[in-house]
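Q: Pasting input-v8.txt below, which is compact mmCIF, C-alpha atoms.
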```
# COMPACT_ATOMS: atom_id res chain seq x y z
CA MET A 98 -27.11 -33.65 12.01
CA THR A 99 -26.87 -37.38 11.60
CA ALA A 100 -25.60 -39.77 14.20
CA PRO A 101 -22.14 -41.03 13.28
CA SER A 102 -22.27 -44.65 12.27
CA VAL A 103 -19.90 -47.14 13.81
CA VAL A 104 -18.45 -49.71 11.46
CA PRO A 105 -15.72 -52.28 12.05
CA ALA A 106 -12.26 -51.63 10.66
CA PRO A 107 -11.16 -53.88 7.83
CA PRO A 108 -9.27 -56.82 9.37
CA GLU A 109 -6.36 -56.51 6.94
CA ALA A 110 -5.53 -53.03 8.26
CA PRO A 111 -4.14 -53.28 11.75
CA ASN A 112 -2.22 -50.01 11.65
CA ALA A 113 -4.70 -47.25 12.53
CA LEU A 114 -2.27 -44.42 11.87
CA PHE A 115 -1.44 -45.79 8.42
CA GLU A 116 -5.18 -45.95 7.70
CA LEU A 117 -5.76 -42.39 8.91
CA LEU A 118 -2.93 -41.01 6.78
CA GLN A 119 -4.27 -42.81 3.72
CA ARG A 120 -7.74 -41.35 4.33
CA LEU A 121 -6.30 -37.84 4.53
CA GLY A 122 -3.91 -38.33 1.62
CA ASP A 123 -6.34 -40.12 -0.69
CA ASP A 124 -9.06 -37.45 -0.28
CA ARG A 125 -6.59 -34.88 -1.56
CA LEU A 126 -5.02 -37.03 -4.24
CA VAL A 127 -8.34 -38.04 -5.79
CA LEU A 128 -9.93 -34.58 -5.56
CA GLY A 129 -6.72 -33.03 -6.90
CA HIS A 130 -6.87 -35.37 -9.87
CA ARG A 131 -10.54 -34.58 -10.49
CA LEU A 132 -9.84 -30.84 -10.42
CA SER A 133 -6.91 -31.27 -12.80
CA GLU A 134 -9.43 -32.57 -15.37
CA TRP A 135 -10.73 -28.98 -15.62
CA CYS A 136 -7.35 -27.80 -16.93
CA GLY A 137 -8.01 -26.49 -20.44
CA HIS A 138 -11.80 -26.77 -19.95
CA GLY A 139 -12.58 -24.06 -17.37
CA PRO A 140 -15.51 -21.74 -18.12
CA ILE A 141 -13.16 -18.74 -18.09
CA LEU A 142 -9.37 -18.53 -18.15
CA GLU A 143 -9.14 -17.34 -14.52
CA GLU A 144 -11.11 -20.35 -13.31
CA ASP A 145 -9.05 -22.72 -15.40
CA ILE A 146 -5.97 -21.38 -13.62
CA ALA A 147 -7.66 -21.35 -10.20
CA LEU A 148 -8.82 -24.97 -10.37
CA ALA A 149 -5.40 -26.12 -11.60
CA ASN A 150 -3.75 -24.20 -8.73
CA ILE A 151 -6.02 -25.80 -6.16
CA ALA A 152 -5.36 -29.21 -7.73
CA LEU A 153 -1.63 -28.57 -7.36
CA ASP A 154 -1.97 -27.67 -3.67
CA LEU A 155 -4.08 -30.76 -2.98
CA ILE A 156 -1.66 -33.08 -4.78
CA GLY A 157 1.23 -31.46 -2.87
CA GLU A 158 -0.58 -32.08 0.41
CA ALA A 159 -1.32 -35.67 -0.67
CA THR A 160 2.39 -36.16 -1.42
CA MET A 161 3.37 -35.19 2.14
CA LEU A 162 0.61 -37.28 3.73
CA LEU A 163 1.21 -40.40 1.65
CA ARG A 164 4.99 -40.12 2.12
CA LEU A 165 4.40 -40.15 5.87
CA ALA A 166 1.89 -43.01 5.44
CA GLY A 167 4.54 -45.06 3.65
CA GLN A 168 7.06 -44.40 6.43
CA VAL A 169 4.51 -45.38 9.09
CA GLU A 170 3.62 -48.57 7.23
CA GLY A 171 7.30 -49.52 7.08
CA GLN A 172 7.00 -51.76 4.02
CA GLY A 173 9.22 -49.63 1.81
CA ARG A 174 6.38 -47.99 -0.12
CA ASP A 175 6.83 -44.31 -0.93
CA GLU A 176 4.16 -41.79 -1.95
CA ASP A 177 4.42 -42.78 -5.62
CA ALA A 178 3.99 -46.47 -4.86
CA LEU A 179 0.89 -45.67 -2.81
CA ALA A 180 -0.58 -43.31 -5.43
CA TYR A 181 0.14 -45.35 -8.52
CA LEU A 182 0.25 -48.97 -7.47
CA ARG A 183 -2.71 -49.47 -5.16
CA GLU A 184 -6.03 -50.85 -6.42
CA ALA A 185 -9.35 -49.02 -5.97
CA VAL A 186 -10.29 -51.20 -2.96
CA ASP A 187 -7.12 -50.03 -1.20
CA PHE A 188 -7.99 -46.34 -1.55
CA ARG A 189 -9.46 -44.71 1.56
CA ASN A 190 -10.89 -41.45 0.18
CA CYS A 191 -14.49 -40.47 0.82
CA ARG A 192 -16.77 -41.09 -2.15
CA MET A 193 -17.70 -37.45 -2.68
CA VAL A 194 -14.27 -36.60 -4.09
CA GLU A 195 -14.29 -39.38 -6.71
CA LEU A 196 -17.61 -38.38 -8.30
CA PRO A 197 -17.25 -37.02 -11.84
CA ASN A 198 -16.91 -33.22 -12.05
CA GLY A 199 -20.37 -32.58 -13.53
CA ASP A 200 -20.94 -28.94 -14.44
CA PHE A 201 -19.07 -26.00 -12.91
CA GLY A 202 -21.77 -25.64 -10.24
CA PHE A 203 -21.31 -29.25 -9.14
CA THR A 204 -17.52 -28.89 -9.02
CA ILE A 205 -17.82 -25.72 -6.93
CA ALA A 206 -20.47 -27.12 -4.57
CA ARG A 207 -18.37 -30.22 -3.91
CA GLN A 208 -15.27 -28.10 -3.48
CA PHE A 209 -17.03 -25.85 -0.99
CA LEU A 210 -18.32 -28.77 1.11
CA PHE A 211 -14.87 -30.35 1.04
CA ASP A 212 -12.97 -27.12 1.71
CA VAL A 213 -15.03 -26.37 4.84
CA TYR A 214 -14.48 -29.98 5.99
CA SER A 215 -10.80 -29.51 5.27
CA VAL A 216 -10.40 -26.32 7.31
CA VAL A 217 -12.18 -27.68 10.40
CA LEU A 218 -10.32 -31.01 10.22
CA LEU A 219 -6.89 -29.52 9.54
CA ASP A 220 -7.39 -26.88 12.23
CA ALA A 221 -8.05 -29.68 14.73
CA LEU A 222 -5.11 -31.74 13.44
CA THR A 223 -2.68 -28.89 14.13
CA HIS A 224 -3.09 -30.01 17.77
CA SER A 225 -2.36 -33.66 16.94
CA ALA A 226 -0.07 -35.58 19.28
CA HIS A 227 1.72 -36.78 16.13
CA GLU A 228 4.21 -33.99 15.53
CA GLU A 229 4.76 -34.54 11.82
CA LEU A 230 1.05 -34.81 11.08
CA ALA A 231 0.49 -31.59 13.04
CA ALA A 232 3.16 -29.85 10.92
CA ILE A 233 1.59 -31.03 7.65
CA ALA A 234 -1.84 -29.93 8.91
CA ALA A 235 -0.58 -26.44 9.81
CA LYS A 236 0.85 -26.05 6.33
CA ALA A 237 -2.21 -27.45 4.54
CA LEU A 238 -4.59 -25.37 6.68
CA LYS A 239 -3.21 -22.14 5.20
CA GLU A 240 -3.93 -23.48 1.72
CA ALA A 241 -7.37 -24.80 2.64
CA ARG A 242 -8.40 -21.41 4.04
CA TYR A 243 -7.41 -19.88 0.74
CA HIS A 244 -9.34 -22.55 -1.15
CA VAL A 245 -12.53 -22.01 0.83
CA ARG A 246 -12.38 -18.30 0.12
CA HIS A 247 -12.53 -19.22 -3.58
CA SER A 248 -15.23 -21.89 -3.40
CA GLY A 249 -17.30 -19.97 -0.80
CA ASP A 250 -17.24 -16.86 -2.89
CA TRP A 251 -18.42 -18.82 -5.91
CA MET A 252 -21.27 -20.29 -3.85
CA LEU A 253 -22.45 -16.73 -3.20
CA LYS A 254 -22.04 -15.73 -6.84
CA LEU A 255 -23.81 -18.81 -8.23
CA GLY A 256 -26.49 -19.11 -5.54
CA ASP A 257 -27.31 -15.41 -5.50
CA GLY A 258 -26.70 -15.07 -9.26
CA THR A 259 -29.04 -15.85 -12.14
CA GLU A 260 -32.00 -18.19 -12.02
CA GLU A 261 -29.98 -20.71 -14.02
CA SER A 262 -26.88 -20.60 -11.79
CA HIS A 263 -29.06 -20.81 -8.66
CA ARG A 264 -30.94 -23.84 -10.01
CA ARG A 265 -27.78 -25.66 -10.98
CA VAL A 266 -25.86 -25.12 -7.75
CA GLN A 267 -28.93 -26.05 -5.68
CA ARG A 268 -29.27 -29.26 -7.69
CA ALA A 269 -25.58 -29.99 -7.05
CA LEU A 270 -26.04 -29.47 -3.29
CA ASP A 271 -29.06 -31.76 -3.28
CA GLU A 272 -27.11 -34.47 -5.09
CA LEU A 273 -24.01 -34.13 -2.92
CA TRP A 274 -25.68 -33.95 0.48
CA ARG A 275 -26.11 -37.69 0.90
CA PHE A 276 -22.35 -38.12 0.55
CA THR A 277 -21.55 -35.77 3.44
CA PRO A 278 -22.35 -38.05 6.45
CA GLU A 279 -19.45 -40.23 5.30
CA LEU A 280 -17.02 -37.42 6.13
CA PHE A 281 -17.94 -37.67 9.82
CA ALA A 282 -18.83 -41.36 10.22
CA THR A 283 -16.68 -42.79 13.01
CA ASP A 284 -15.19 -46.29 12.92
CA ASP A 285 -12.59 -48.20 14.99
CA ILE A 286 -9.74 -46.39 13.27
CA ASP A 287 -11.16 -43.00 14.29
CA HIS A 288 -11.74 -44.21 17.86
CA ALA A 289 -8.17 -45.46 18.13
CA MET A 290 -6.75 -42.22 16.72
CA ARG A 291 -8.96 -40.12 18.97
CA GLN A 292 -7.83 -42.06 22.04
CA ALA A 293 -4.20 -41.52 21.09
CA ASN A 294 -4.91 -37.77 20.68
CA ILE A 295 -3.73 -38.02 17.08
CA ALA A 296 -7.07 -37.15 15.45
CA PRO A 297 -10.11 -35.20 16.66
CA ASP A 298 -13.66 -36.23 17.54
CA LEU A 299 -15.48 -36.25 14.20
CA GLY A 300 -18.84 -35.66 15.87
CA VAL A 301 -17.67 -32.28 17.15
CA LEU A 302 -16.25 -31.45 13.71
CA HIS A 303 -19.60 -32.29 12.11
CA GLU A 304 -21.39 -29.59 14.12
CA GLN A 305 -18.67 -27.05 13.42
CA TRP A 306 -18.76 -27.91 9.70
CA GLU A 307 -22.53 -27.69 9.42
CA ALA A 308 -22.65 -24.26 11.08
CA LEU A 309 -20.03 -22.86 8.68
CA VAL A 310 -21.70 -24.45 5.65
CA ARG A 311 -25.14 -23.22 6.70
CA ASP A 312 -23.88 -19.64 7.05
CA VAL A 313 -22.66 -19.48 3.44
CA ILE A 314 -25.62 -21.46 2.06
CA ASP A 315 -28.05 -19.00 3.69
CA ARG A 316 -26.18 -15.98 2.38
CA ALA A 317 -26.14 -17.57 -1.08
CA THR A 318 -29.97 -17.80 -0.91
CA LEU A 319 -29.68 -21.57 -1.27
CA THR A 320 -31.49 -24.20 0.78
CA LEU A 321 -29.67 -26.70 2.93
CA PRO A 322 -30.94 -30.15 1.89
CA HIS A 323 -32.66 -32.38 4.44
CA ASP A 324 -30.42 -34.84 6.21
CA VAL A 325 -30.44 -38.34 4.86
CA PRO A 326 -30.10 -40.58 7.90
CA SER A 327 -27.24 -42.95 7.28
CA ALA A 328 -27.87 -46.54 8.24
CA PRO A 329 -25.58 -47.68 11.05
CA GLY A 330 -22.87 -50.01 9.81
CA VAL A 331 -22.93 -48.57 6.29
CA ARG A 332 -19.56 -48.94 4.64
CA GLY A 333 -18.02 -46.39 2.34
CA GLY A 334 -14.82 -45.12 0.85
CA ARG A 335 -13.01 -45.05 4.20
CA GLN A 336 -13.31 -48.85 4.26
CA GLY A 337 -12.48 -49.26 0.56
CA PHE A 338 -16.09 -49.41 -0.72
CA HIS A 339 -16.20 -46.95 -3.60
CA THR A 340 -18.47 -45.89 -6.44
CA GLU A 341 -17.79 -47.23 -9.91
CA HIS A 342 -16.13 -43.91 -10.77
CA LEU A 343 -12.92 -44.41 -8.77
CA GLY A 344 -11.70 -47.32 -10.90
CA HIS A 345 -12.01 -45.25 -14.06
CA LEU A 346 -10.23 -42.31 -12.47
CA LEU A 347 -7.37 -44.53 -11.30
CA ALA A 348 -7.05 -46.18 -14.71
CA GLU A 349 -6.25 -42.80 -16.18
CA MET A 350 -4.13 -41.58 -13.26
CA GLN A 351 -2.05 -44.75 -12.97
CA ILE A 352 -1.60 -45.89 -16.59
CA VAL A 353 1.80 -44.30 -17.24
CA ALA A 354 3.34 -45.44 -13.96
CA ARG A 355 1.97 -48.97 -14.42
CA SER A 356 2.94 -49.27 -18.09
CA HIS A 357 6.52 -48.18 -17.42
CA PRO A 358 7.47 -49.60 -14.01
CA GLY A 359 10.30 -47.66 -12.38
CA ALA A 360 10.34 -44.98 -15.09
CA LYS A 361 11.67 -41.55 -14.07
CA TRP A 362 10.59 -38.28 -15.61
CA MET B 39 49.13 -34.15 7.78
CA VAL B 40 45.53 -34.59 6.78
CA ALA B 41 45.46 -33.89 3.07
CA HIS B 42 41.69 -33.92 2.52
CA LEU B 43 40.95 -31.33 5.19
CA ARG B 44 39.46 -28.20 3.67
CA ALA B 45 41.66 -25.15 3.57
CA THR B 46 38.79 -22.90 4.63
CA ILE B 47 35.61 -23.50 6.52
CA PRO B 48 32.90 -21.02 5.53
CA SER B 49 31.36 -18.73 8.10
CA ARG B 50 27.60 -18.56 8.49
CA ASP B 51 27.63 -15.03 7.06
CA GLU B 52 29.48 -16.19 3.96
CA ILE B 53 26.83 -18.83 3.31
CA LEU B 54 24.02 -16.32 3.94
CA ALA B 55 25.64 -13.92 1.46
CA ILE B 56 25.74 -16.69 -1.16
CA LEU B 57 22.06 -17.42 -0.50
CA ASP B 58 21.26 -13.74 -1.15
CA ASP B 59 22.21 -14.44 -4.76
CA VAL B 60 20.03 -17.54 -5.13
CA LYS B 61 16.82 -16.28 -6.73
CA ASP B 62 13.33 -17.70 -6.73
CA PRO B 63 13.11 -19.23 -10.24
CA GLU B 64 9.51 -18.01 -10.64
CA VAL B 65 9.91 -14.56 -9.07
CA PRO B 66 13.55 -13.63 -9.79
CA ALA B 67 13.16 -10.27 -8.02
CA LEU B 68 13.39 -12.18 -4.74
CA SER B 69 16.16 -14.29 -3.28
CA VAL B 70 15.44 -17.42 -1.29
CA ARG B 71 16.26 -15.41 1.85
CA ASP B 72 13.87 -12.61 0.83
CA LEU B 73 11.13 -15.22 0.54
CA GLY B 74 11.79 -16.35 4.09
CA ILE B 75 12.17 -20.00 3.15
CA VAL B 76 15.74 -20.34 4.50
CA ARG B 77 15.16 -21.31 8.12
CA ASP B 78 18.68 -22.25 9.26
CA VAL B 79 22.29 -22.62 8.16
CA GLU B 80 24.66 -24.93 10.02
CA ILE B 81 28.34 -25.56 9.38
CA ASP B 82 29.99 -28.44 11.17
CA ALA B 83 33.62 -28.66 12.28
CA ALA B 84 34.62 -30.38 9.01
CA GLY B 85 33.03 -27.64 6.89
CA ALA B 86 29.89 -29.53 5.79
CA VAL B 87 27.06 -27.07 5.16
CA THR B 88 23.44 -27.86 6.02
CA VAL B 89 20.78 -25.44 4.83
CA THR B 90 17.28 -25.93 6.23
CA VAL B 91 14.47 -24.70 3.98
CA THR B 92 10.68 -24.75 4.31
CA PRO B 93 8.42 -25.06 1.26
CA THR B 94 6.16 -22.18 0.25
CA TYR B 95 3.16 -24.15 -1.04
CA SER B 96 2.78 -27.92 -0.62
CA GLY B 97 2.66 -28.46 -4.35
CA CYS B 98 5.07 -25.73 -5.44
CA PRO B 99 7.02 -27.24 -8.34
CA ALA B 100 9.85 -24.72 -7.85
CA ILE B 101 11.04 -26.25 -4.58
CA THR B 102 13.20 -28.96 -6.20
CA VAL B 103 14.81 -26.34 -8.46
CA ILE B 104 15.40 -24.09 -5.44
CA GLU B 105 17.06 -26.91 -3.49
CA ARG B 106 19.33 -27.69 -6.44
CA ASP B 107 20.19 -24.01 -6.97
CA ILE B 108 21.16 -23.63 -3.30
CA THR B 109 23.47 -26.66 -3.47
CA ASP B 110 25.01 -25.53 -6.77
CA ALA B 111 25.61 -21.94 -5.59
CA ILE B 112 27.40 -22.99 -2.40
CA GLN B 113 29.46 -25.68 -4.16
CA ALA B 114 30.42 -23.22 -6.91
CA ARG B 115 32.20 -21.19 -4.19
CA GLY B 116 34.22 -24.25 -3.25
CA PHE B 117 32.31 -25.30 -0.15
CA SER B 118 31.18 -28.88 0.10
CA PRO B 119 29.46 -31.10 1.00
CA VAL B 120 26.12 -29.28 1.02
CA HIS B 121 22.92 -30.76 2.40
CA VAL B 122 19.52 -29.17 1.95
CA LYS B 123 17.07 -30.23 4.64
CA THR B 124 13.30 -29.61 4.62
CA ALA B 125 11.43 -28.50 7.73
CA LEU B 126 7.62 -28.16 7.66
CA ALA B 127 7.16 -26.51 11.04
CA PRO B 128 6.65 -23.67 11.57
CA ALA B 129 4.68 -23.38 8.34
CA TRP B 130 5.85 -20.70 5.92
CA THR B 131 4.07 -17.36 5.96
CA THR B 132 4.51 -14.30 3.75
CA ASP B 133 4.74 -12.30 7.00
CA TRP B 134 8.39 -13.42 7.08
CA MET B 135 9.13 -11.32 4.01
CA SER B 136 11.31 -8.31 4.89
CA ALA B 137 10.39 -4.67 4.12
CA GLN B 138 13.30 -4.58 1.69
CA ALA B 139 11.97 -7.66 -0.12
CA ARG B 140 8.49 -6.13 -0.31
CA ALA B 141 9.94 -2.98 -1.88
CA ARG B 142 11.84 -5.07 -4.45
CA LEU B 143 8.69 -7.00 -5.27
CA LYS B 144 6.74 -3.76 -5.84
CA ALA B 145 9.51 -2.36 -8.04
CA TYR B 146 9.32 -5.57 -10.06
CA GLY B 147 5.59 -4.91 -10.66
CA ILE B 148 4.08 -7.35 -8.17
CA ALA B 149 1.96 -6.05 -5.29
CA PRO B 150 3.58 -7.26 -2.04
CA PRO B 151 1.52 -9.49 0.30
CA GLU B 152 -0.66 -7.94 2.97
CA ARG B 153 -0.60 -9.31 6.52
CA ALA B 154 -1.72 -12.92 6.49
CA GLU B 155 -5.23 -13.26 7.88
CA SER B 156 -5.43 -15.30 11.02
CA GLY B 157 -9.03 -14.66 12.02
CA ARG B 158 -12.02 -16.80 11.14
CA LEU B 159 -11.54 -20.20 9.52
CA VAL B 160 -13.87 -19.35 6.66
CA GLN B 161 -13.23 -15.82 5.48
CA LEU B 162 -14.75 -15.02 2.09
CA MET B 163 -13.17 -12.87 -0.58
CA ARG B 164 -15.76 -10.09 -0.35
CA SER B 165 -14.40 -9.04 3.01
CA ARG B 166 -10.89 -8.27 1.71
CA ALA B 167 -9.49 -4.75 1.51
CA ALA B 168 -8.46 -3.48 -1.93
CA VAL B 169 -4.89 -4.22 -2.97
CA GLN B 170 -2.65 -1.26 -3.80
CA CYS B 171 -1.64 -1.11 -7.47
CA PRO B 172 2.16 -1.53 -7.76
CA HIS B 173 2.21 0.74 -10.86
CA CYS B 174 0.24 3.84 -9.77
CA ASP B 175 -0.34 3.21 -6.01
CA SER B 176 -4.12 3.49 -6.44
CA HIS B 177 -6.43 1.47 -4.22
CA GLU B 178 -9.10 1.49 -6.95
CA THR B 179 -8.36 -2.13 -7.77
CA GLU B 180 -10.20 -5.40 -7.99
CA ILE B 181 -9.18 -9.02 -7.70
CA ARG B 182 -9.81 -10.84 -10.96
CA SER B 183 -8.80 -14.20 -9.59
CA GLU B 184 -7.50 -15.45 -6.25
CA PHE B 185 -5.15 -17.67 -8.24
CA GLY B 186 -2.51 -16.58 -10.73
CA THR B 187 0.31 -17.76 -12.94
CA THR B 188 2.13 -19.41 -10.03
CA ALA B 189 0.94 -20.87 -6.73
CA CYS B 190 2.06 -17.75 -4.85
CA LYS B 191 0.24 -15.05 -6.85
CA SER B 192 -3.28 -13.76 -7.58
CA LEU B 193 -4.51 -11.70 -10.54
CA CYS B 194 -5.70 -8.11 -10.09
CA TRP B 195 -6.86 -5.19 -12.19
CA CYS B 196 -6.32 -1.48 -11.54
CA ARG B 197 -9.27 0.75 -12.42
CA SER B 198 -7.13 3.91 -12.20
CA CYS B 199 -4.27 3.08 -14.57
CA ARG B 200 -6.25 0.35 -16.33
CA GLN B 201 -3.44 -2.15 -16.04
CA PRO B 202 -3.53 -5.75 -14.91
CA PHE B 203 -1.09 -6.71 -12.17
CA GLU B 204 -0.23 -9.60 -9.92
CA GLU B 205 -0.36 -9.70 -6.14
CA PHE B 206 1.79 -11.94 -3.96
CA LYS B 207 -0.82 -13.93 -2.01
CA ALA B 208 -0.78 -13.38 1.75
CA ILE B 209 -0.68 -16.75 3.41
```
Let me see the structure of the file written as structure tokens.

A:
Amino acid sequence: MTAPSVVPAPPEAPNALFELLQRLGDDRLVLGHRLSEWCGHGPILEEDIALANIALDLIGEATMLLRLAGQVEGQGRDEDALAYLREAVDFRNCRMVELPNGDFGFTIARQFLFDVYSVVLLDALTHSAHEELAAIAAKALKEARYHVRHSGDWMLKLGDGTEESHRRVQRALDELWRFTPELFATDDIDHAMRQANIAPDLGVLHEQWEALVRDVIDRATLTLPHDVPSAPGVRGGRQGFHTEHLGHLLAEMQIVARSHPGAKW
Amino acid sequence: MVAHLRATIPSRDEILAILDDVKDPEVPALSVRDLGIVRDVEIDAAGAVTVTVTPTYSGCPAITVIERDITDAIQARGFSPVHVKTALAPAWTTDWMSAQARARLKAYGIAPPERAESGRLVQLMRSRAAVQCPHCDSHETEIRSEFGTTACKSLCWCRSCRQPFEEFKAI
């Protein structure tokens, strides 16, 4: 377990709830887009369909969250304006979800780490003091539990599978692990939301997450990587500091909407 | 005399009967009421109809079609205006599907949903009980994929009658 790092909120973002909703929405929008890249390229037909289905759920969840974010912001932006017309620095997703898909093992390992994060976070958010956020969380939680059944089962199959599948999924875990502290790093936005009983204590979630992850990793005969202590004050995707990959992803995701402003289809 | 006043104001039962004929575009064996997505019907004193629906899956592309079909069906019977309202809470569950709807689903060749699991947060696939084949009733089945041709279905295979079939996901 790593100590959550405390970083200052960006000064241009005074509305903590708007920030929180973007974090939740952008994680799902960006990961949903990444998963959609597998469509037509899955290793087997069933997986092609599964990954596209999960992408659809995540983008649906992002739609609800970003719609609410736009209403909270009160500047007349709807979910499409937020998805298609913001720049990379304005996105608030964690960096793990924007990394390229890699091989199937990498995609599954990332999905598993995210899905477990998603179930513990959404479960806590069903008790949010913000009624509408609680309703979205209750709906999304059902989907996330279904998703983790898929990704968790694949972790067992790949980890406890052939030498090759074991090696690849272990390598993916090792690569991804350093991106996981970001999921639980607490900044001013999280403190404000926690105080208002809108969002949970991320430190508590971190312990819950790690126990659930460890259980599946052990059963999959994989090894949990060593913690990489995160330097206090480190900034990441939640503050708009992304990897180079997000810009490329957005270029593809946003090109049609930006080339044809106001187009309907 | 008030000329624009409607001659008849529909009863709640009339509207519910109309909704029995509005089918799920992706699973036409089921009506929107069978699915359990119609949460409320209100008719005000002037005859305006408000139907409250809840989405099945967050990203289900059928929901806009369903909303349009509901409006069209009620208007086609001469009742207007019609508003379709969305409510997210309580979140939709397949447990709301009636026994009659489950039987219709099975007759259509889709295994009806089991009880939605509400236990542990992370429940892996290996712990699931075998689904009953809708063709031959055998439990000698396996899940080929948790995800199927639409958001609401998974893909299964029956070892007894050697037929593939779909299962309505329990959620």

Q: Show me, as a list in words, the residues that have an atom within 10 Å of range 262-266 of chain A when counting all atoms listed in the file, minus same-chain residues fewer than 3 positions from it.

A: Asp200, Phe201, Gly202, Phe203, Thr204, Ile205, Ala206, Arg207, Trp251, Met252, Leu253, Lys254, Leu255, Gly256, Asp257, Gly258, Thr259, Ala269, Leu270, Asp271, Glu272, Ala317, Thr318 and Leu319 of chain A

Q: For Ile148 in chain B, work out the shell of residues within 9 Å, counting all atoms listed in the file and skipping chain neighbours fewer than 3 positions away, then give it as a list in words.

A: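 That gives Arg142, Leu143, Lys144, Ala145, Cys171, Pro172, His173, Lys191, Phe203, Glu204, Glu205 and Phe206 of chain B.
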
Q: What is the CA of Gln161 in chain B to CA of His130 in chain A distance in Å?

A: 25.7 Å

Q: Using all atoms listed in the file, what does the table of chain B residues within 10 Å of chain A look like, with each row giving the shortest atom pair and its distance in Å to one decimal, sorted by chain and ascending number, as a Markdown table?

A:
```
| residue | atom | partner | partner_atom | distance |
| --- | --- | --- | --- | --- |
| B:Pro93 | CA | A:Lys236 | CA | 9.2 |
| B:Thr94 | CA | A:Lys236 | CA | 9.0 |
| B:Tyr95 | CA | A:Asp154 | CA | 6.8 |
| B:Ser96 | CA | A:Gly157 | CA | 4.5 |
| B:Gly97 | CA | A:Gly157 | CA | 3.6 |
| B:Cys98 | CA | A:Gly157 | CA | 7.4 |
| B:Pro99 | CA | A:Leu153 | CA | 8.8 |
| B:Ala125 | CA | A:Ala232 | CA | 9.0 |
| B:Leu126 | CA | A:Ala232 | CA | 5.8 |
| B:Ala127 | CA | A:Ala232 | CA | 5.2 |
| B:Pro128 | CA | A:Ala232 | CA | 7.1 |
| B:Ala129 | CA | A:Lys236 | CA | 5.1 |
| B:Trp130 | CA | A:Lys236 | CA | 7.3 |
| B:Thr131 | CA | A:Lys239 | CA | 8.7 |
| B:Ala154 | CA | A:Lys239 | CA | 9.4 |
| B:Glu155 | CA | A:Lys239 | CA | 9.5 |
| B:Ser156 | CA | A:Lys239 | CA | 9.3 |
| B:Arg158 | CA | A:Arg242 | CA | 9.2 |
| B:Leu159 | CA | A:Arg242 | CA | 6.4 |
| B:Val160 | CA | A:Arg242 | CA | 6.4 |
| B:Gln161 | CA | A:Arg246 | CA | 6.0 |
| B:Leu162 | CA | A:Arg246 | CA | 4.5 |
| B:Met163 | CA | A:Arg246 | CA | 5.5 |
| B:Arg164 | CA | A:Asp250 | CA | 7.4 |
| B:Ser165 | CA | A:Arg246 | CA | 9.9 |
| B:Arg182 | CA | A:Glu143 | CA | 7.4 |
| B:Ser183 | CA | A:Glu143 | CA | 5.9 |
| B:Glu184 | CA | A:His247 | CA | 6.8 |
| B:Phe185 | CA | A:Ala147 | CA | 4.9 |
| B:Gly186 | CA | A:Ile146 | CA | 6.6 |
| B:Thr187 | CA | A:Ile146 | CA | 7.3 |
| B:Thr188 | CA | A:Asn150 | CA | 7.7 |
| B:Ala189 | CA | A:Asn150 | CA | 6.1 |
| B:Cys190 | CA | A:Asn150 | CA | 9.5 |
| B:Ser192 | CA | A:Ala147 | CA | 9.1 |
| B:Leu193 | CA | A:Glu143 | CA | 8.3 |
| B:Lys207 | CA | A:Tyr243 | CA | 9.3 |
| B:Ala208 | CA | A:Tyr243 | CA | 9.3 |
| B:Ile209 | CA | A:Lys239 | CA | 6.2 |
```

Q: Could you write out the selected residues, including C-alpha atoms, as a compact mmCIF listing (two decimals), in the frame of the given file?

A:
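Done, and the output landed in again36.txt:
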```txt
# COMPACT_ATOMS: atom_id res chain seq x y z
CA PRO B 93 8.42 -25.06 1.26
CA THR B 94 6.16 -22.18 0.25
CA TYR B 95 3.16 -24.15 -1.04
CA SER B 96 2.78 -27.92 -0.62
CA GLY B 97 2.66 -28.46 -4.35
CA CYS B 98 5.07 -25.73 -5.44
CA PRO B 99 7.02 -27.24 -8.34
CA ALA B 125 11.43 -28.50 7.73
CA LEU B 126 7.62 -28.16 7.66
CA ALA B 127 7.16 -26.51 11.04
CA PRO B 128 6.65 -23.67 11.57
CA ALA B 129 4.68 -23.38 8.34
CA TRP B 130 5.85 -20.70 5.92
CA THR B 131 4.07 -17.36 5.96
CA ALA B 154 -1.72 -12.92 6.49
CA GLU B 155 -5.23 -13.26 7.88
CA SER B 156 -5.43 -15.30 11.02
CA ARG B 158 -12.02 -16.80 11.14
CA LEU B 159 -11.54 -20.20 9.52
CA VAL B 160 -13.87 -19.35 6.66
CA GLN B 161 -13.23 -15.82 5.48
CA LEU B 162 -14.75 -15.02 2.09
CA MET B 163 -13.17 -12.87 -0.58
CA ARG B 164 -15.76 -10.09 -0.35
CA SER B 165 -14.40 -9.04 3.01
CA ARG B 182 -9.81 -10.84 -10.96
CA SER B 183 -8.80 -14.20 -9.59
CA GLU B 184 -7.50 -15.45 -6.25
CA PHE B 185 -5.15 -17.67 -8.24
CA GLY B 186 -2.51 -16.58 -10.73
CA THR B 187 0.31 -17.76 -12.94
CA THR B 188 2.13 -19.41 -10.03
CA ALA B 189 0.94 -20.87 -6.73
CA CYS B 190 2.06 -17.75 -4.85
CA SER B 192 -3.28 -13.76 -7.58
CA LEU B 193 -4.51 -11.70 -10.54
CA LYS B 207 -0.82 -13.93 -2.01
CA ALA B 208 -0.78 -13.38 1.75
CA ILE B 209 -0.68 -16.75 3.41
```

Q: Between CA of Leu57 in chain B and CA of Ala111 in chain B, what distance in Å does the model show, to one decimal?

A: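 Interatomic distance here is 7.7 Å.
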
Q: What gap, in Å, lies between CA of Arg335 in chain A and CA of Thr283 in chain A?

A: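 Interatomic distance here is 9.8 Å.
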